[in-house]
Structure formats: structure tokens, C-alpha cells
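Undergrad: Let me give you the structure first, and then I'll get to my questions.
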Amino acid sequence: MVNKGKTLDTYALSSSEIQLGYRYHVNETHTLIPKIDFTSTSSGVMYTPQLGLQSNWDYGIFTELKYKHEITVPSNSTKYIKQKSQYQAKVGYKATKALTFQLEYDYHKGLDDQYYWDKHDFKHEIEFKTYYKVAPGITPYITFAGVPVGATVSGYQLRYRLGLLYSF
């Protein structure tokens, strides 16, 4: 949802997302996670196939490496399809059965002359997440992230999100 600093009655839905994936347990420590995301916005549709490898270590520590390939099909048929690669590394700590902390680093690389940050075809993001599972399949979360201000600007800004994960 997007607000743009206005009153609460101006909130609007900015996108809808569906994720389909599977967790293949290679052994007790490693899990292979193929997944695809479908995201619909007013500007188009994004398809993001991805492959991750999650490792669960002792004392509640976990790590994950992931590759995503994002394909954006604009709703305006006169624009071209855009593609980018995203590499992601995570480290997390499961403090209790319900409470999880996670630090995530993302590197995005444009594949077709797009600008992402300061007139470069790449950008970096770092994000801190906290999840609290309140019931089976229901997990509210909050994230704080350092993200680029814009494609032609060199600065970064703080972004926060509140959300609810539902799984079945």
C-alpha cells in the first residue's frame, strides 16, 4: 500500500503478489528452494523465477543464498520487456520458535541498459527484518532497509514495511 504522506484515507494498493514454491530438503542442514513470484502493478506484470539454498546451523543460525531473474512486462505495449538479475545473501537468527531476526544483502544487475542507482546498471540494498509467528501460518513482520533514492541520484534512504505472511 502507498500513502505518500497524506491522510489515512488516501492509502491505495500499489501491487499484488503471488508466490509459488517448494522446499526440497537435501539433508538435515540444507534446503533447496525453487520458487516463482508473480507481481501485478499498474505499470505491468513481473515474473521472477528463483533458486535458493538455505542452510540451518546450530544455535538457531541460518543462511541463504539466492539467485532471482526478474522479467517485467509493461502494461503499455509500446515499451520493451525489462530483465534484471538479483543476487541475495541472508543470515538470520531464530531466537525462539516464534521470533526471528534476519539481515539481508541484495545486489541487482540490469540486463538491458536500465539505470538503478546513480546512473549505473546496478544497485545494492541492505535490509533488517523481524518476524513473529503468532499462529501456524500467520506471521506479522517489520523490515527496515537502506535503498537507493533513484536511478539518477547517488543517495540512499530508509524504507520500512509492515506486513503479514500467510502460508498454508
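Naming scheme: A, B, ... for chains in displayed order of the C-alpha cells; residues 1 onward per chain; ligands 1 onward as shown.
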Which neighbours of range 127-144 of chain A fall inside 7 Å, counting only C-alpha atoms, when residues of the same chain fewer than 4 positions from it are skipped, and could you give them as a PyMOL selection string?
TA: chain A and resi 98-105+158-168
Undergrad: Take the residues from that selection and put them in a file with C-alpha atoms, as a PDB file, in the first residue's frame.
TA:
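Result went into part25.pdb, see below:
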ATOM      1  CA  ALA A  98       8.106 -17.544  17.187  1.00  0.00           C
ATOM      2  CA  LEU A  99      10.765 -14.777  16.911  1.00  0.00           C
ATOM      3  CA  THR A 100      13.249 -14.498  14.019  1.00  0.00           C
ATOM      4  CA  PHE A 101      15.783 -11.789  13.096  1.00  0.00           C
ATOM      5  CA  GLN A 102      17.341 -11.561   9.636  1.00  0.00           C
ATOM      6  CA  LEU A 103      19.927  -9.427   7.817  1.00  0.00           C
ATOM      7  CA  GLU A 104      19.786  -9.449   4.014  1.00  0.00           C
ATOM      8  CA  TYR A 105      22.040  -8.046   1.272  1.00  0.00           C
ATOM      9  CA  LEU A 158      15.409   4.364   4.806  1.00  0.00           C
ATOM     10  CA  ARG A 159      12.378   2.291   3.801  1.00  0.00           C
ATOM     11  CA  TYR A 160      10.194   0.454   6.290  1.00  0.00           C
ATOM     12  CA  ARG A 161       7.472  -2.107   5.761  1.00  0.00           C
ATOM     13  CA  LEU A 162       4.891  -3.728   7.952  1.00  0.00           C
ATOM     14  CA  GLY A 163       3.358  -6.911   6.637  1.00  0.00           C
ATOM     15  CA  LEU A 164       1.652 -10.193   7.251  1.00  0.00           C
ATOM     16  CA  LEU A 165       2.821 -13.528   5.851  1.00  0.00           C
ATOM     17  CA  TYR A 166       0.219 -16.237   5.390  1.00  0.00           C
ATOM     18  CA  SER A 167       1.162 -19.778   4.399  1.00  0.00           C
ATOM     19  CA  PHE A 168      -0.757 -22.994   4.023  1.00  0.00           C
TER      20      PHE A 168
END
Undergrad: Near Ser16 in chain A, counting only C-alpha atoms, which residues have an atom at most 10 Å away, once you skip same-chain residues fewer than 4 positions from it, shown as a list in words?
TA: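 Everything that qualifies: Met1, Phe38, Thr39, Ser40, Thr41, Ser42 and Val45 of chain A.
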Undergrad: How would the residues just chosen look if you wrote them out with all heavy atoms as a PDB file, in the first residue's frame?
TA:
ATOM      1  N   MET A   1       0.834  -1.163   0.000  1.00  0.00           N
ATOM      2  CA  MET A   1       0.000   0.000   0.000  1.00  0.00           C
ATOM      3  C   MET A   1       0.888   1.238   0.000  1.00  0.00           C
ATOM      4  O   MET A   1       1.960   1.245   0.562  1.00  0.00           O
ATOM      5  CB  MET A   1      -0.918  -0.021   1.210  1.00  0.00           C
ATOM      6  CG  MET A   1      -1.902  -1.178   1.111  1.00  0.00           C
ATOM      7  SD  MET A   1      -3.187  -1.303   2.338  1.00  0.00           S
ATOM      8  CE  MET A   1      -3.801   0.288   2.552  1.00  0.00           C
ATOM      9  N   PHE A  38       4.845 -13.900  -8.936  1.00  0.00           N
ATOM     10  CA  PHE A  38       4.071 -13.154  -9.927  1.00  0.00           C
ATOM     11  C   PHE A  38       3.620 -11.876  -9.238  1.00  0.00           C
ATOM     12  O   PHE A  38       2.938 -11.939  -8.222  1.00  0.00           O
ATOM     13  CB  PHE A  38       2.843 -13.948 -10.387  1.00  0.00           C
ATOM     14  CG  PHE A  38       3.168 -15.278 -10.982  1.00  0.00           C
ATOM     15  CD1 PHE A  38       3.148 -16.432 -10.201  1.00  0.00           C
ATOM     16  CD2 PHE A  38       3.498 -15.389 -12.322  1.00  0.00           C
ATOM     17  CE1 PHE A  38       3.447 -17.668 -10.743  1.00  0.00           C
ATOM     18  CE2 PHE A  38       3.797 -16.624 -12.872  1.00  0.00           C
ATOM     19  CZ  PHE A  38       3.777 -17.763 -12.086  1.00  0.00           C
ATOM     20  N   THR A  39       4.004 -10.713  -9.758  1.00  0.00           N
ATOM     21  CA  THR A  39       3.635  -9.435  -9.161  1.00  0.00           C
ATOM     22  C   THR A  39       2.933  -8.592 -10.209  1.00  0.00           C
ATOM     23  O   THR A  39       3.441  -8.395 -11.306  1.00  0.00           O
ATOM     24  CB  THR A  39       4.876  -8.682  -8.642  1.00  0.00           C
ATOM     25  OG1 THR A  39       5.602  -9.542  -7.763  1.00  0.00           O
ATOM     26  CG2 THR A  39       4.486  -7.404  -7.924  1.00  0.00           C
ATOM     27  N   SER A  40       1.767  -8.075  -9.842  1.00  0.00           N
ATOM     28  CA  SER A  40       0.983  -7.230 -10.739  1.00  0.00           C
ATOM     29  C   SER A  40       0.930  -5.821 -10.165  1.00  0.00           C
ATOM     30  O   SER A  40       0.590  -5.638  -8.998  1.00  0.00           O
ATOM     31  CB  SER A  40      -0.428  -7.806 -10.878  1.00  0.00           C
ATOM     32  OG  SER A  40      -1.226  -6.937 -11.656  1.00  0.00           O
ATOM     33  N   THR A  41       1.286  -4.823 -10.980  1.00  0.00           N
ATOM     34  CA  THR A  41       1.205  -3.418 -10.592  1.00  0.00           C
ATOM     35  C   THR A  41       0.472  -2.664 -11.696  1.00  0.00           C
ATOM     36  O   THR A  41       0.177  -3.225 -12.756  1.00  0.00           O
ATOM     37  CB  THR A  41       2.601  -2.792 -10.407  1.00  0.00           C
ATOM     38  OG1 THR A  41       3.254  -2.729 -11.672  1.00  0.00           O
ATOM     39  CG2 THR A  41       3.452  -3.589  -9.431  1.00  0.00           C
ATOM     40  N   SER A  42       0.242  -1.385 -11.478  1.00  0.00           N
ATOM     41  CA  SER A  42      -0.413  -0.587 -12.512  1.00  0.00           C
ATOM     42  C   SER A  42       0.476  -0.407 -13.733  1.00  0.00           C
ATOM     43  O   SER A  42      -0.011  -0.139 -14.823  1.00  0.00           O
ATOM     44  CB  SER A  42      -0.813   0.782 -11.949  1.00  0.00           C
ATOM     45  OG  SER A  42       0.341   1.470 -11.509  1.00  0.00           O
ATOM     46  N   VAL A  45       3.404  -6.395 -15.259  1.00  0.00           N
ATOM     47  CA  VAL A  45       3.472  -7.665 -14.538  1.00  0.00           C
ATOM     48  C   VAL A  45       4.925  -8.111 -14.485  1.00  0.00           C
ATOM     49  O   VAL A  45       5.655  -8.007 -15.468  1.00  0.00           O
ATOM     50  CB  VAL A  45       2.623  -8.746 -15.246  1.00  0.00           C
ATOM     51  CG1 VAL A  45       2.740 -10.079 -14.550  1.00  0.00           C
ATOM     52  CG2 VAL A  45       1.168  -8.319 -15.335  1.00  0.00           C
TER      53      VAL A  45
END
Undergrad: Quick one: residues within 10 Å of Ser55 in chain A, only C-alpha atoms, excluding same-chain residues fewer than 5 positions away - as a ChimeraX atom specification?
TA: /A:27-32,61-65,91
Undergrad: Residues of chain A classed as strand (DSSP E) by DSSP on the backbone are to be reported as a ChimeraX atom specification.
TA: /A:15-21,24-25,30-41,44-56,61-74,82-94,99-110,122-132,138-150,153-166
Undergrad: Report, in Å with one decimal, the straight-line distance from CA of Thr48 in chain A to CA of Asp112 in chain A.
TA: 16.2 Å
Undergrad: Measuring between only C-alpha atoms, which one of A:Ser15, A:Gln54, A:Ser154, A:Gln114 shows the shortest distance to Tyr80 in chain A?
TA: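 That would be A:Gln114, the residue with the smallest distance to Tyr80 in chain A.
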Undergrad: Mind checking which residues fall within 12 Å of Tyr87 in chain A, counting only C-alpha atoms, ignoring those fewer than 5 positions away in the same chain, and posting them as a list in words?
TA: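 The residues satisfying every condition are Gln50, Leu51, Gly52, Glu64, Leu65, Lys66, Tyr67, Lys68, His69, Glu70, Glu104, Tyr105, Asp106, Tyr107, His108, Lys109, Gly110, Phe122, Lys123, His124 and Glu125 of chain A.
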Undergrad: Need to verify the contact set: Tyr59 in chain A, 10 Å, only C-alpha atoms, exclusion of same-chain residues closer than 2 positions in sequence. Can you return it as a list of chain:residue names?
TA: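 Near Tyr59 in chain A, the qualifying residues are A:Asn56, A:Trp57, A:Ile61, A:Phe62, A:Tyr93, A:Lys94, A:Ala95.
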Undergrad: Save out the residues we just selected, C-alpha atoms, as a tab-separated table (two decimals), in the first residue's frame.
TA:
chain	number	residue	atom	x	y	z
A	56	ASN	CA	20.31	-24.27	9.09
A	57	TRP	CA	23.21	-24.28	11.53
A	61	ILE	CA	21.61	-19.54	12.98
A	62	PHE	CA	20.61	-19.89	9.32
A	93	TYR	CA	18.83	-15.99	13.96
A	94	LYS	CA	15.79	-17.86	15.22
A	95	ALA	CA	15.66	-16.57	18.81
Undergrad: Using only C-alpha atoms, which residues sit within 6 Å of Lys35 in chain A once same-chain residues fewer than 4 positions away are excluded, as a list of chain:residue names?
TA: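 Non-adjacent residues within range: A:Leu20, A:Gly21, A:Pro49, A:Gln50.
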Undergrad: How would the residues just picked look written out with all heavy atoms as an mmCIF file, in the first residue's frame?
TA:
data_model
loop_
_atom_site.group_PDB
_atom_site.id
_atom_site.type_symbol
_atom_site.label_atom_id
_atom_site.label_comp_id
_atom_site.auth_asym_id
_atom_site.auth_seq_id
_atom_site.Cartn_x
_atom_site.Cartn_y
_atom_site.Cartn_z
ATOM 1 N N LEU A 20 4.744 -19.015 -5.645
ATOM 2 C CA LEU A 20 4.600 -20.464 -5.695
ATOM 3 C C LEU A 20 5.988 -21.073 -5.554
ATOM 4 O O LEU A 20 6.910 -20.689 -6.277
ATOM 5 C CB LEU A 20 3.982 -20.914 -7.021
ATOM 6 C CG LEU A 20 2.586 -20.378 -7.332
ATOM 7 C CD1 LEU A 20 2.195 -20.749 -8.748
ATOM 8 C CD2 LEU A 20 1.580 -20.930 -6.340
ATOM 9 N N GLY A 21 6.150 -21.983 -4.615
ATOM 10 C CA GLY A 21 7.465 -22.570 -4.415
ATOM 11 C C GLY A 21 7.379 -23.896 -3.690
ATOM 12 O O GLY A 21 6.310 -24.333 -3.255
ATOM 13 N N PRO A 49 11.374 -16.033 -11.570
ATOM 14 C CA PRO A 49 11.823 -17.363 -11.173
ATOM 15 C C PRO A 49 13.098 -17.217 -10.324
ATOM 16 O O PRO A 49 13.890 -16.295 -10.546
ATOM 17 C CB PRO A 49 12.102 -18.066 -12.495
ATOM 18 C CG PRO A 49 12.257 -16.989 -13.499
ATOM 19 C CD PRO A 49 11.533 -15.791 -12.995
ATOM 20 N N GLN A 50 13.262 -18.116 -9.353
ATOM 21 C CA GLN A 50 14.412 -18.002 -8.460
ATOM 22 C C GLN A 50 14.789 -19.355 -7.892
ATOM 23 O O GLN A 50 13.980 -20.284 -7.878
ATOM 24 C CB GLN A 50 14.120 -17.016 -7.338
ATOM 25 C CG GLN A 50 12.827 -17.292 -6.605
ATOM 26 C CD GLN A 50 12.385 -16.111 -5.775
ATOM 27 O OE1 GLN A 50 12.900 -15.916 -4.685
ATOM 28 N NE2 GLN A 50 11.452 -15.332 -6.280
#
